[in-house]
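This is target35.cif (mmCIF, C-alpha atoms).
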```cif
data_final
loop_
_atom_site.group_PDB
_atom_site.id
_atom_site.type_symbol
_atom_site.label_atom_id
_atom_site.label_comp_id
_atom_site.auth_asym_id
_atom_site.auth_seq_id
_atom_site.Cartn_x
_atom_site.Cartn_y
_atom_site.Cartn_z
ATOM 1 C CA MET A 1 -68.030 -29.335 -79.282
ATOM 2 C CA LYS A 2 -70.293 -26.941 -77.430
ATOM 3 C CA ILE A 3 -69.133 -23.305 -77.340
ATOM 4 C CA ALA A 4 -70.569 -20.258 -75.586
ATOM 5 C CA VAL A 5 -69.897 -17.009 -77.456
ATOM 6 C CA LEU A 6 -69.923 -13.649 -75.676
ATOM 7 C CA GLY A 7 -69.889 -10.360 -77.546
ATOM 8 C CA ASP A 8 -69.208 -6.761 -76.465
ATOM 9 C CA ILE A 9 -69.100 -7.090 -72.668
ATOM 10 C CA HIS A 10 -68.188 -3.408 -72.237
ATOM 11 C CA SER A 11 -67.202 -3.522 -68.548
ATOM 12 C CA ASN A 12 -70.706 -4.574 -67.436
ATOM 13 C CA SER A 13 -70.130 -7.072 -64.609
ATOM 14 C CA GLU A 14 -73.813 -7.549 -63.729
ATOM 15 C CA ALA A 15 -74.525 -8.697 -67.269
ATOM 16 C CA LEU A 16 -71.401 -10.843 -67.516
ATOM 17 C CA ASN A 17 -72.038 -12.597 -64.205
ATOM 18 C CA SER A 18 -75.642 -13.413 -65.146
ATOM 19 C CA VAL A 19 -74.544 -14.806 -68.508
ATOM 20 C CA LEU A 20 -71.828 -16.936 -66.903
ATOM 21 C CA VAL A 21 -74.395 -18.396 -64.484
ATOM 22 C CA ASP A 22 -76.571 -19.380 -67.444
ATOM 23 C CA ILE A 23 -73.565 -20.834 -69.281
ATOM 24 C CA ARG A 24 -72.789 -23.032 -66.285
ATOM 25 C CA ASN A 25 -76.148 -24.749 -66.819
ATOM 26 C CA GLU A 26 -75.332 -25.293 -70.513
ATOM 27 C CA LYS A 27 -72.240 -27.402 -69.706
ATOM 28 C CA VAL A 28 -70.151 -25.991 -72.538
ATOM 29 C CA ASP A 29 -66.658 -27.124 -73.560
ATOM 30 C CA LYS A 30 -65.331 -23.629 -74.219
ATOM 31 C CA ILE A 31 -66.231 -19.963 -73.729
ATOM 32 C CA VAL A 32 -65.015 -17.303 -76.185
ATOM 33 C CA HIS A 33 -65.562 -13.571 -76.684
ATOM 34 C CA THR A 34 -65.545 -11.252 -79.704
ATOM 35 C CA GLY A 35 -63.804 -8.262 -78.106
ATOM 36 C CA ASP A 36 -64.777 -4.913 -76.603
ATOM 37 C CA VAL A 37 -64.216 -6.198 -73.108
ATOM 38 C CA VAL A 38 -64.084 -2.609 -71.834
ATOM 39 C CA GLY A 39 -65.719 0.736 -72.618
ATOM 40 C CA TYR A 40 -69.163 2.248 -71.945
ATOM 41 C CA CYS A 41 -69.537 0.845 -68.383
ATOM 42 C CA THR A 42 -67.381 0.956 -65.234
ATOM 43 C CA ASP A 43 -66.493 -2.602 -64.143
ATOM 44 C CA ILE A 44 -63.085 -3.044 -65.779
ATOM 45 C CA GLU A 45 -61.488 -5.048 -62.977
ATOM 46 C CA GLU A 46 -64.441 -7.333 -62.310
ATOM 47 C CA CYS A 47 -64.953 -8.236 -65.965
ATOM 48 C CA ILE A 48 -61.323 -8.967 -66.770
ATOM 49 C CA GLU A 49 -60.921 -11.019 -63.580
ATOM 50 C CA ARG A 50 -63.985 -13.118 -64.453
ATOM 51 C CA LEU A 51 -62.807 -13.726 -68.008
ATOM 52 C CA VAL A 52 -59.398 -14.836 -66.757
ATOM 53 C CA SER A 53 -60.783 -17.035 -63.956
ATOM 54 C CA GLU A 54 -63.295 -18.687 -66.303
ATOM 55 C CA GLU A 55 -60.549 -19.198 -68.941
ATOM 56 C CA VAL A 56 -62.525 -17.289 -71.553
ATOM 57 C CA ILE A 57 -60.478 -16.694 -74.713
ATOM 58 C CA GLY A 58 -61.158 -14.027 -77.318
ATOM 59 C CA VAL A 59 -60.000 -11.217 -79.566
ATOM 60 C CA TYR A 60 -59.612 -7.468 -79.182
ATOM 61 C CA GLY A 61 -62.190 -4.885 -80.218
ATOM 62 C CA ASN A 62 -61.949 -1.192 -81.030
ATOM 63 C CA HIS A 63 -62.758 -0.115 -77.455
ATOM 64 C CA ASP A 64 -60.010 -2.377 -76.134
ATOM 65 C CA LEU A 65 -57.520 -0.757 -78.514
ATOM 66 C CA MET A 66 -58.673 2.740 -77.560
ATOM 67 C CA ALA A 67 -58.363 1.845 -73.868
ATOM 68 C CA ILE A 68 -54.682 0.949 -74.252
ATOM 69 C CA GLY A 69 -53.896 3.889 -76.544
ATOM 70 C CA GLU A 70 -53.469 1.826 -79.705
ATOM 71 C CA MET A 71 -56.364 3.466 -81.549
ATOM 72 C CA SER A 72 -57.715 7.008 -81.838
ATOM 73 C CA THR A 73 -61.113 7.951 -80.386
ATOM 74 C CA ASP A 74 -61.792 10.320 -83.317
ATOM 75 C CA ASP A 75 -64.451 8.103 -84.931
ATOM 76 C CA CYS A 76 -66.111 7.023 -81.681
ATOM 77 C CA VAL A 77 -69.511 8.324 -80.544
ATOM 78 C CA ARG A 78 -69.627 10.897 -77.737
ATOM 79 C CA SER A 79 -70.739 8.478 -75.004
ATOM 80 C CA GLY A 80 -68.021 6.051 -76.066
ATOM 81 C CA VAL A 81 -65.308 8.719 -75.992
ATOM 82 C CA LYS A 82 -66.418 9.838 -72.538
ATOM 83 C CA ALA A 83 -66.253 6.245 -71.282
ATOM 84 C CA ILE A 84 -62.792 5.737 -72.782
ATOM 85 C CA HIS A 85 -61.521 8.881 -71.041
ATOM 86 C CA TRP A 86 -62.950 7.504 -67.784
ATOM 87 C CA THR A 87 -61.300 4.137 -68.505
ATOM 88 C CA TRP A 88 -57.894 5.790 -69.034
ATOM 89 C CA ASN A 89 -58.131 7.185 -65.497
ATOM 90 C CA HIS A 90 -59.073 3.853 -63.891
ATOM 91 C CA ILE A 91 -57.436 1.031 -65.852
ATOM 92 C CA THR A 92 -54.331 -0.630 -64.352
ATOM 93 C CA SER A 93 -51.168 -1.713 -66.110
ATOM 94 C CA GLY A 94 -52.104 -5.353 -65.577
ATOM 95 C CA GLN A 95 -55.502 -4.828 -67.191
ATOM 96 C CA LYS A 96 -53.815 -3.087 -70.113
ATOM 97 C CA GLU A 97 -51.499 -6.085 -70.484
ATOM 98 C CA TYR A 98 -54.501 -8.401 -70.669
ATOM 99 C CA LEU A 99 -56.142 -6.322 -73.420
ATOM 100 C CA ALA A 100 -52.835 -6.007 -75.298
ATOM 101 C CA SER A 101 -52.447 -9.797 -75.230
ATOM 102 C CA LEU A 102 -55.651 -10.375 -77.201
ATOM 103 C CA PRO A 103 -55.181 -11.258 -80.892
ATOM 104 C CA LYS A 104 -57.039 -9.708 -83.835
ATOM 105 C CA ILE A 105 -58.310 -13.091 -85.098
ATOM 106 C CA ARG A 106 -58.653 -16.401 -83.320
ATOM 107 C CA ARG A 107 -59.417 -19.730 -84.952
ATOM 108 C CA ILE A 108 -61.065 -22.681 -83.185
ATOM 109 C CA GLU A 109 -61.136 -25.610 -85.603
ATOM 110 C CA ASN A 110 -63.271 -24.364 -88.527
ATOM 111 C CA ILE A 111 -64.677 -21.380 -86.608
ATOM 112 C CA VAL A 112 -63.030 -17.956 -87.016
ATOM 113 C CA LEU A 113 -63.489 -15.274 -84.363
ATOM 114 C CA PHE A 114 -62.961 -11.535 -84.947
ATOM 115 C CA HIS A 115 -64.449 -8.288 -83.655
ATOM 116 C CA ALA A 116 -66.042 -6.527 -86.647
ATOM 117 C CA THR A 117 -64.534 -8.039 -89.817
ATOM 118 C CA PRO A 118 -61.276 -9.970 -90.297
ATOM 119 C CA SER A 119 -59.529 -6.807 -91.530
ATOM 120 C CA SER A 120 -61.263 -4.098 -89.460
ATOM 121 C CA VAL A 121 -62.371 -3.516 -85.874
ATOM 122 C CA VAL A 122 -64.852 -0.782 -86.825
ATOM 123 C CA ARG A 123 -66.608 -1.858 -90.022
ATOM 124 C CA ARG A 124 -70.238 -2.823 -89.405
ATOM 125 C CA VAL A 125 -71.759 -6.064 -90.673
ATOM 126 C CA ALA A 126 -75.421 -5.056 -90.837
ATOM 127 C CA LYS A 127 -76.728 -6.396 -94.146
ATOM 128 C CA PRO A 128 -76.094 -9.282 -96.583
ATOM 129 C CA ALA A 129 -73.710 -7.216 -98.729
ATOM 130 C CA ASP A 130 -71.535 -6.570 -95.655
ATOM 131 C CA ALA A 131 -71.534 -10.254 -94.761
ATOM 132 C CA ALA A 132 -70.663 -11.136 -98.367
ATOM 133 C CA ASP A 133 -67.510 -9.010 -98.064
ATOM 134 C CA VAL A 134 -66.591 -10.901 -94.885
ATOM 135 C CA VAL A 135 -67.139 -14.223 -96.676
ATOM 136 C CA GLN A 136 -64.756 -13.078 -99.403
ATOM 137 C CA GLU A 137 -62.128 -12.067 -96.843
ATOM 138 C CA LEU A 138 -62.376 -15.398 -95.030
ATOM 139 C CA ASN A 139 -62.223 -17.346 -98.300
ATOM 140 C CA GLN A 140 -58.978 -15.577 -99.153
ATOM 141 C CA GLU A 141 -57.395 -16.274 -95.766
ATOM 142 C CA PHE A 142 -58.750 -19.683 -94.773
ATOM 143 C CA GLU A 143 -59.417 -22.716 -96.971
ATOM 144 C CA ASP A 144 -61.742 -24.705 -94.737
ATOM 145 C CA TRP A 145 -63.606 -22.249 -92.520
ATOM 146 C CA TRP A 146 -67.285 -22.849 -91.753
ATOM 147 C CA ILE A 147 -68.443 -20.130 -89.354
ATOM 148 C CA GLY A 148 -67.211 -16.557 -88.934
ATOM 149 C CA ILE A 149 -68.249 -14.979 -85.631
ATOM 150 C CA HIS A 150 -68.122 -11.230 -85.017
ATOM 151 C CA GLY A 151 -69.318 -8.601 -82.550
ATOM 152 C CA HIS A 152 -69.348 -4.796 -82.797
ATOM 153 C CA VAL A 153 -72.945 -4.341 -84.041
ATOM 154 C CA HIS A 154 -74.569 -5.621 -80.796
ATOM 155 C CA LYS A 155 -77.336 -7.357 -82.799
ATOM 156 C CA GLN A 156 -78.092 -11.083 -82.935
ATOM 157 C CA ARG A 157 -77.933 -12.053 -86.619
ATOM 158 C CA ILE A 158 -77.113 -15.104 -88.721
ATOM 159 C CA PHE A 159 -76.090 -14.596 -92.364
ATOM 160 C CA GLU A 160 -75.975 -17.712 -94.542
ATOM 161 C CA TYR A 161 -73.850 -18.281 -97.659
ATOM 162 C CA ASP A 162 -74.785 -21.114 -100.037
ATOM 163 C CA GLY A 163 -71.898 -20.625 -102.468
ATOM 164 C CA ASN A 164 -73.802 -18.116 -104.613
ATOM 165 C CA GLU A 165 -75.346 -15.467 -102.373
ATOM 166 C CA VAL A 166 -75.533 -14.316 -98.772
ATOM 167 C CA VAL A 167 -78.924 -13.964 -97.081
ATOM 168 C CA LEU A 168 -80.083 -12.932 -93.630
ATOM 169 C CA ALA A 169 -81.211 -16.325 -92.332
ATOM 170 C CA HIS A 170 -82.141 -15.401 -88.751
ATOM 171 C CA GLU A 171 -82.373 -12.343 -86.527
ATOM 172 C CA GLY A 172 -82.945 -12.056 -82.786
ATOM 173 C CA GLN A 173 -83.411 -14.541 -79.986
ATOM 174 C CA GLY A 174 -84.108 -18.181 -80.861
ATOM 175 C CA GLY A 175 -82.739 -21.393 -82.323
ATOM 176 C CA PHE A 176 -81.260 -22.139 -85.730
ATOM 177 C CA ILE A 177 -79.999 -25.313 -87.419
ATOM 178 C CA LEU A 178 -76.762 -25.006 -89.379
ATOM 179 C CA ASN A 179 -76.121 -26.723 -92.699
ATOM 180 C CA GLU A 180 -72.626 -28.198 -92.975
ATOM 181 C CA ARG A 181 -72.634 -27.506 -96.737
ATOM 182 C CA LYS A 182 -73.168 -23.763 -96.207
ATOM 183 C CA LYS A 183 -71.123 -21.056 -94.491
ATOM 184 C CA TYR A 184 -72.189 -18.553 -91.872
ATOM 185 C CA ILE A 185 -71.397 -15.090 -90.547
ATOM 186 C CA ILE A 186 -72.896 -14.747 -87.069
ATOM 187 C CA CYS A 187 -73.173 -12.082 -84.375
ATOM 188 C CA PRO A 188 -74.111 -13.285 -80.861
ATOM 189 C CA GLY A 189 -75.338 -9.862 -79.734
ATOM 190 C CA SER A 190 -73.912 -7.893 -76.822
ATOM 191 C CA VAL A 191 -73.494 -9.045 -73.246
ATOM 192 C CA GLY A 192 -73.142 -5.545 -71.834
ATOM 193 C CA VAL A 193 -74.917 -2.951 -74.002
ATOM 194 C CA SER A 194 -78.096 -3.776 -75.896
ATOM 195 C CA ARG A 195 -78.849 -1.983 -79.165
ATOM 196 C CA ASP A 196 -82.596 -2.697 -79.156
ATOM 197 C CA PHE A 197 -85.527 -1.993 -76.826
ATOM 198 C CA ASP A 198 -84.737 -5.057 -74.694
ATOM 199 C CA PRO A 199 -82.342 -4.382 -71.758
ATOM 200 C CA ARG A 200 -81.491 -8.071 -71.351
ATOM 201 C CA SER A 201 -78.008 -9.374 -72.022
ATOM 202 C CA ALA A 202 -77.366 -11.424 -75.178
ATOM 203 C CA TYR A 203 -75.052 -14.310 -75.996
ATOM 204 C CA MET A 204 -74.933 -17.471 -78.114
ATOM 205 C CA ILE A 205 -74.389 -21.225 -77.824
ATOM 206 C CA ILE A 206 -72.995 -23.219 -80.767
ATOM 207 C CA ASP A 207 -73.123 -27.014 -80.767
ATOM 208 C CA THR A 208 -70.956 -28.206 -83.663
ATOM 209 C CA ASP A 209 -72.029 -31.836 -83.146
ATOM 210 C CA SER A 210 -75.783 -31.198 -83.448
ATOM 211 C CA PHE A 211 -75.324 -28.208 -85.839
ATOM 212 C CA GLU A 212 -77.513 -26.138 -83.523
ATOM 213 C CA ILE A 213 -77.242 -22.438 -82.685
ATOM 214 C CA THR A 214 -79.104 -20.939 -79.734
ATOM 215 C CA LEU A 215 -79.243 -17.140 -79.482
ATOM 216 C CA LYS A 216 -80.144 -16.304 -75.890
ATOM 217 C CA ARG A 217 -81.305 -13.253 -73.884
ATOM 218 C CA ILE A 218 -80.612 -13.188 -70.145
ATOM 219 C CA GLU A 219 -82.099 -11.033 -67.390
ATOM 220 C CA TYR A 220 -79.700 -9.067 -65.177
ATOM 221 C CA ASP A 221 -79.794 -6.096 -62.800
ATOM 222 C CA TRP A 222 -79.278 -3.435 -65.451
ATOM 223 C CA ARG A 223 -80.685 -0.719 -63.170
ATOM 224 C CA ASN A 224 -77.804 -1.188 -60.736
ATOM 225 C CA CYS A 225 -75.301 -0.965 -63.586
ATOM 226 C CA GLU A 226 -77.072 2.122 -64.912
ATOM 227 C CA LYS A 227 -76.833 3.739 -61.465
ATOM 228 C CA ARG A 228 -73.048 3.266 -61.361
ATOM 229 C CA ILE A 229 -72.723 4.600 -64.900
ATOM 230 C CA SER A 230 -74.599 7.744 -63.880
ATOM 231 C CA GLU A 231 -72.550 8.156 -60.693
ATOM 232 C CA ALA A 232 -69.376 7.966 -62.798
ATOM 233 C CA GLY A 233 -70.670 10.794 -64.999
ATOM 234 C CA LEU A 234 -70.974 8.610 -68.092
ATOM 235 C CA GLU A 235 -73.748 8.784 -70.711
ATOM 236 C CA THR A 236 -74.046 5.139 -71.769
ATOM 237 C CA GLN A 237 -77.534 3.860 -72.566
ATOM 238 C CA LEU A 238 -77.739 0.151 -71.759
ATOM 239 C CA TYR A 239 -80.639 -0.262 -74.183
ATOM 240 C CA LEU A 240 -82.722 1.894 -76.526
ATOM 241 C CA ARG A 241 -85.563 3.885 -74.976
ATOM 242 C CA ARG A 242 -88.616 4.101 -77.215
ATOM 243 C CA ARG A 243 -89.165 7.751 -76.270
ATOM 244 C CA THR A 244 -85.619 8.683 -77.316
ATOM 245 C CA PHE A 245 -85.935 6.663 -80.507
ATOM 246 C CA LEU A 246 -89.292 8.220 -81.375
ATOM 247 C CA ASN A 247 -88.052 11.723 -80.593
ATOM 248 C CA ARG A 248 -85.156 11.227 -82.986
ATOM 249 C CA LYS A 249 -87.492 9.875 -85.656
ATOM 250 C CA ILE A 250 -89.924 12.777 -85.223
ATOM 251 C CA ARG A 251 -87.068 15.288 -85.470
ATOM 252 C CA TYR A 252 -85.868 13.569 -88.647
ATOM 253 C CA ILE A 253 -89.359 13.659 -90.220
ATOM 254 C CA ILE A 254 -89.885 17.316 -89.299
ATOM 255 C CA GLY A 255 -86.440 18.191 -90.633
ATOM 256 C CA ALA A 256 -87.113 16.413 -93.914
ATOM 257 C CA PHE A 257 -90.506 18.160 -94.205
ATOM 258 C CA VAL A 258 -88.928 21.589 -93.639
ATOM 259 C CA ARG A 259 -86.197 20.862 -96.190
ATOM 260 C CA ASN A 260 -88.795 19.824 -98.793
ATOM 261 C CA ILE A 261 -90.789 23.043 -98.192
ATOM 262 C CA LYS A 262 -87.661 25.151 -98.624
ATOM 263 C CA MET A 263 -86.779 23.343 -101.854
ATOM 264 C CA SER A 264 -90.328 23.789 -103.166
ATOM 265 C CA ALA A 265 -90.251 27.490 -102.322
ATOM 266 C CA LYS A 266 -87.027 27.923 -104.235
ATOM 267 C CA VAL A 267 -88.552 26.258 -107.303
ATOM 268 C CA ILE A 268 -91.704 28.402 -107.101
ATOM 269 C CA PHE A 269 -89.976 31.744 -106.620
ATOM 270 C CA ASN A 270 -87.230 31.070 -109.139
#
```

Could I get this file's structure written as structure tokens?
Amino acid sequence: MKIAVLGDIHSNSEALNSVLVDIRNEKVDKIVHTGDVVGYCTDIEECIERLVSEEVIGVYGNHDLMAIGEMSTDDCVRSGVKAIHWTWNHITSGQKEYLASLPKIRRIENIVLFHATPSSVVRRVAKPADAADVVQELNQEFEDWWIGIHGHVHKQRIFEYDGNEVVLAHEGQGGFILNERKKYIICPGSVGVSRDFDPRSAYMIIDTDSFEITLKRIEYDWRNCEKRISEAGLETQLYLRRRTFLNRKIRYIIGAFVRNIKMSAKVIFN
């Protein structure tokens, strides 16, 4: 079976449409998503309509729950909270019904789909220890699972479990061959909001017959999406700007330097 996996669409119709065009060329058997259909961007109606028309199945994410009032925004970042408030003013009852219909976990044969972890929609899987916890959760709930697929972190990663330890086996765009005797925790990246310096959309193809994973990046008109975000008064960054990243890093280094000087002064004068 050949499956296309979409993660974290976040109401970005330009990105979603470009990914679906690419998927059409892949001739997949099924399309699934890992939640966070809404939030951050402005195209609620377009994205939900495309998912329904293309018969894409998936799970809910934390932004979906916040959008329908089933989860607090207290732990969300400022740009996310602002986008959720905007979403509350524009989402329809029918769109809420769609989001409310999504399950927390979905199983497709020996593949398990969830947003962040099987038990949480906000916990980040960023390192092998995090993935090891997910392996333990899946082992407790499912006897014969092979691949756990999650979103939330917006980063393309493949963690591999050989029965003893979990390692980061692959990161970023590219191909990977699965081993049927091992287990995997995989993130396809984000369709709608990149968390690296590359503005392109991300998604994944799994071929369970050839044991092949393809992590893809797709060009789309992110400038047009960014224009609508700005016009709506939102603060979403569709990808990381190096200048912003470097400014933050410089501020952190200067702050650490100042703190060290203050500590040294205290030691000297005491």

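Distances here use only C-alpha atoms; by that measure, the residue among A:Ile68, A:Ile111, A:Ile3, A:Leu168 closest to A:Ala129 is A:Leu168.
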
**Request:** Carefully work through the PyMOL selection byres ((chain A and resi 199-201) around 10) for this structure and note down the residues it includes, as a ChimeraX atom specification.
**Result:** /A:6-7,9,12,14-16,18-19,189-198,202-203,216-223,237-241

Create the file for the chosen residues now, containing C-alpha atoms and written as a PDB file, in the frame of the given file.
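And here is the file that came out, result_16.pdb:
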```
ATOM      1  CA  LEU A   6     -69.923 -13.649 -75.676  1.00  0.00           C
ATOM      2  CA  GLY A   7     -69.889 -10.360 -77.546  1.00  0.00           C
ATOM      3  CA  ILE A   9     -69.100  -7.090 -72.668  1.00  0.00           C
ATOM      4  CA  ASN A  12     -70.706  -4.574 -67.436  1.00  0.00           C
ATOM      5  CA  GLU A  14     -73.813  -7.549 -63.729  1.00  0.00           C
ATOM      6  CA  ALA A  15     -74.525  -8.697 -67.269  1.00  0.00           C
ATOM      7  CA  LEU A  16     -71.401 -10.843 -67.516  1.00  0.00           C
ATOM      8  CA  SER A  18     -75.642 -13.413 -65.146  1.00  0.00           C
ATOM      9  CA  VAL A  19     -74.544 -14.806 -68.508  1.00  0.00           C
ATOM     10  CA  GLY A 189     -75.338  -9.862 -79.734  1.00  0.00           C
ATOM     11  CA  SER A 190     -73.912  -7.893 -76.822  1.00  0.00           C
ATOM     12  CA  VAL A 191     -73.494  -9.045 -73.246  1.00  0.00           C
ATOM     13  CA  GLY A 192     -73.142  -5.545 -71.834  1.00  0.00           C
ATOM     14  CA  VAL A 193     -74.917  -2.951 -74.002  1.00  0.00           C
ATOM     15  CA  SER A 194     -78.096  -3.776 -75.896  1.00  0.00           C
ATOM     16  CA  ARG A 195     -78.849  -1.983 -79.165  1.00  0.00           C
ATOM     17  CA  ASP A 196     -82.596  -2.697 -79.156  1.00  0.00           C
ATOM     18  CA  PHE A 197     -85.527  -1.993 -76.826  1.00  0.00           C
ATOM     19  CA  ASP A 198     -84.737  -5.057 -74.694  1.00  0.00           C
ATOM     20  CA  ALA A 202     -77.366 -11.424 -75.178  1.00  0.00           C
ATOM     21  CA  TYR A 203     -75.052 -14.310 -75.996  1.00  0.00           C
ATOM     22  CA  LYS A 216     -80.144 -16.304 -75.890  1.00  0.00           C
ATOM     23  CA  ARG A 217     -81.305 -13.253 -73.884  1.00  0.00           C
ATOM     24  CA  ILE A 218     -80.612 -13.188 -70.145  1.00  0.00           C
ATOM     25  CA  GLU A 219     -82.099 -11.033 -67.390  1.00  0.00           C
ATOM     26  CA  TYR A 220     -79.700  -9.067 -65.177  1.00  0.00           C
ATOM     27  CA  ASP A 221     -79.794  -6.096 -62.800  1.00  0.00           C
ATOM     28  CA  TRP A 222     -79.278  -3.435 -65.451  1.00  0.00           C
ATOM     29  CA  ARG A 223     -80.685  -0.719 -63.170  1.00  0.00           C
ATOM     30  CA  GLN A 237     -77.534   3.860 -72.566  1.00  0.00           C
ATOM     31  CA  LEU A 238     -77.739   0.151 -71.759  1.00  0.00           C
ATOM     32  CA  TYR A 239     -80.639  -0.262 -74.183  1.00  0.00           C
ATOM     33  CA  LEU A 240     -82.722   1.894 -76.526  1.00  0.00           C
ATOM     34  CA  ARG A 241     -85.563   3.885 -74.976  1.00  0.00           C
TER      35      ARG A 241
END
```

Hey, what's within 10 Å of stretch 172-187 of chain A if we count all atoms listed in the file and toss same-chain stuff fewer than 2 positions away? As a PDB file with C-alpha atoms, in the frame of the given file, please?
```
ATOM      1  CA  VAL A   5     -69.897 -17.009 -77.456  1.00  0.00           C
ATOM      2  CA  LEU A   6     -69.923 -13.649 -75.676  1.00  0.00           C
ATOM      3  CA  GLY A   7     -69.889 -10.360 -77.546  1.00  0.00           C
ATOM      4  CA  THR A  34     -65.545 -11.252 -79.704  1.00  0.00           C
ATOM      5  CA  ILE A 111     -64.677 -21.380 -86.608  1.00  0.00           C
ATOM      6  CA  VAL A 112     -63.030 -17.956 -87.016  1.00  0.00           C
ATOM      7  CA  LEU A 113     -63.489 -15.274 -84.363  1.00  0.00           C
ATOM      8  CA  HIS A 115     -64.449  -8.288 -83.655  1.00  0.00           C
ATOM      9  CA  ALA A 116     -66.042  -6.527 -86.647  1.00  0.00           C
ATOM     10  CA  THR A 117     -64.534  -8.039 -89.817  1.00  0.00           C
ATOM     11  CA  VAL A 125     -71.759  -6.064 -90.673  1.00  0.00           C
ATOM     12  CA  ALA A 126     -75.421  -5.056 -90.837  1.00  0.00           C
ATOM     13  CA  PRO A 128     -76.094  -9.282 -96.583  1.00  0.00           C
ATOM     14  CA  ASP A 130     -71.535  -6.570 -95.655  1.00  0.00           C
ATOM     15  CA  ALA A 131     -71.534 -10.254 -94.761  1.00  0.00           C
ATOM     16  CA  ALA A 132     -70.663 -11.136 -98.367  1.00  0.00           C
ATOM     17  CA  VAL A 134     -66.591 -10.901 -94.885  1.00  0.00           C
ATOM     18  CA  VAL A 135     -67.139 -14.223 -96.676  1.00  0.00           C
ATOM     19  CA  TRP A 145     -63.606 -22.249 -92.520  1.00  0.00           C
ATOM     20  CA  TRP A 146     -67.285 -22.849 -91.753  1.00  0.00           C
ATOM     21  CA  ILE A 147     -68.443 -20.130 -89.354  1.00  0.00           C
ATOM     22  CA  GLY A 148     -67.211 -16.557 -88.934  1.00  0.00           C
ATOM     23  CA  ILE A 149     -68.249 -14.979 -85.631  1.00  0.00           C
ATOM     24  CA  HIS A 150     -68.122 -11.230 -85.017  1.00  0.00           C
ATOM     25  CA  GLY A 151     -69.318  -8.601 -82.550  1.00  0.00           C
ATOM     26  CA  HIS A 152     -69.348  -4.796 -82.797  1.00  0.00           C
ATOM     27  CA  VAL A 153     -72.945  -4.341 -84.041  1.00  0.00           C
ATOM     28  CA  HIS A 154     -74.569  -5.621 -80.796  1.00  0.00           C
ATOM     29  CA  LYS A 155     -77.336  -7.357 -82.799  1.00  0.00           C
ATOM     30  CA  GLN A 156     -78.092 -11.083 -82.935  1.00  0.00           C
ATOM     31  CA  ARG A 157     -77.933 -12.053 -86.619  1.00  0.00           C
ATOM     32  CA  ILE A 158     -77.113 -15.104 -88.721  1.00  0.00           C
ATOM     33  CA  PHE A 159     -76.090 -14.596 -92.364  1.00  0.00           C
ATOM     34  CA  GLU A 160     -75.975 -17.712 -94.542  1.00  0.00           C
ATOM     35  CA  TYR A 161     -73.850 -18.281 -97.659  1.00  0.00           C
ATOM     36  CA  ASP A 162     -74.785 -21.114-100.037  1.00  0.00           C
ATOM     37  CA  GLY A 163     -71.898 -20.625-102.468  1.00  0.00           C
ATOM     38  CA  VAL A 166     -75.533 -14.316 -98.772  1.00  0.00           C
ATOM     39  CA  VAL A 167     -78.924 -13.964 -97.081  1.00  0.00           C
ATOM     40  CA  LEU A 168     -80.083 -12.932 -93.630  1.00  0.00           C
ATOM     41  CA  ALA A 169     -81.211 -16.325 -92.332  1.00  0.00           C
ATOM     42  CA  HIS A 170     -82.141 -15.401 -88.751  1.00  0.00           C
ATOM     43  CA  GLY A 189     -75.338  -9.862 -79.734  1.00  0.00           C
ATOM     44  CA  SER A 190     -73.912  -7.893 -76.822  1.00  0.00           C
ATOM     45  CA  ALA A 202     -77.366 -11.424 -75.178  1.00  0.00           C
ATOM     46  CA  TYR A 203     -75.052 -14.310 -75.996  1.00  0.00           C
ATOM     47  CA  MET A 204     -74.933 -17.471 -78.114  1.00  0.00           C
ATOM     48  CA  ILE A 205     -74.389 -21.225 -77.824  1.00  0.00           C
ATOM     49  CA  ILE A 206     -72.995 -23.219 -80.767  1.00  0.00           C
ATOM     50  CA  ASP A 207     -73.123 -27.014 -80.767  1.00  0.00           C
ATOM     51  CA  THR A 208     -70.956 -28.206 -83.663  1.00  0.00           C
ATOM     52  CA  SER A 210     -75.783 -31.198 -83.448  1.00  0.00           C
ATOM     53  CA  PHE A 211     -75.324 -28.208 -85.839  1.00  0.00           C
ATOM     54  CA  GLU A 212     -77.513 -26.138 -83.523  1.00  0.00           C
ATOM     55  CA  ILE A 213     -77.242 -22.438 -82.685  1.00  0.00           C
ATOM     56  CA  THR A 214     -79.104 -20.939 -79.734  1.00  0.00           C
ATOM     57  CA  LEU A 215     -79.243 -17.140 -79.482  1.00  0.00           C
ATOM     58  CA  LYS A 216     -80.144 -16.304 -75.890  1.00  0.00           C
ATOM     59  CA  ARG A 217     -81.305 -13.253 -73.884  1.00  0.00           C
TER      60      ARG A 217
END
```

**Request:** I need the residue set behind the PyMOL selection byres ((chain A and resi 103) around 10) for this file; please write it as a ChimeraX atom specification.
**Result:** /A:35,57-61,99-102,104-106,113-114

**Prompt:** For the atom pair atom CA of A:His85 and atom CA of A:Val32, what is the interatomic distance in Å to one decimal place?
**Reply:**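 These two atoms are separated by 26.9 Å.
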
**Request:** Just say which residues the PyMOL selection byres ((chain A and resi 70-84) around 7) picks in this file, as a ChimeraX atom specification.
**Result:** /A:39-41,65-69,85-88,234-236

**Prompt:** atom CA of A:Asp8 and atom CA of A:Ile44, how far apart in Å?
**Reply:**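 Spanning atom CA of A:Ile44 to atom CA of A:Asp8 is a straight-line distance of 12.9 Å.
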
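Closest approach to A:Lys30 among A:Val52, A:Met1, A:Glu137, A:Ser93: A:Met1, based on all atoms listed in the file.
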
**Asked** Using only C-alpha atoms, which residue out of A:Ile23, A:Val38, A:Cys225, A:Val28 lies closest to A:His90?
**Response**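 So, comparing all the options, the nearest one is A:Val38.
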
**Prompt:** Which is closer to A:Cys47 than all the others in A:Ser120, A:Gly233, A:Ser11, A:Glu26, using only C-alpha atoms?
**Reply:**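 Distance minimum relative to A:Cys47 lands on A:Ser11.
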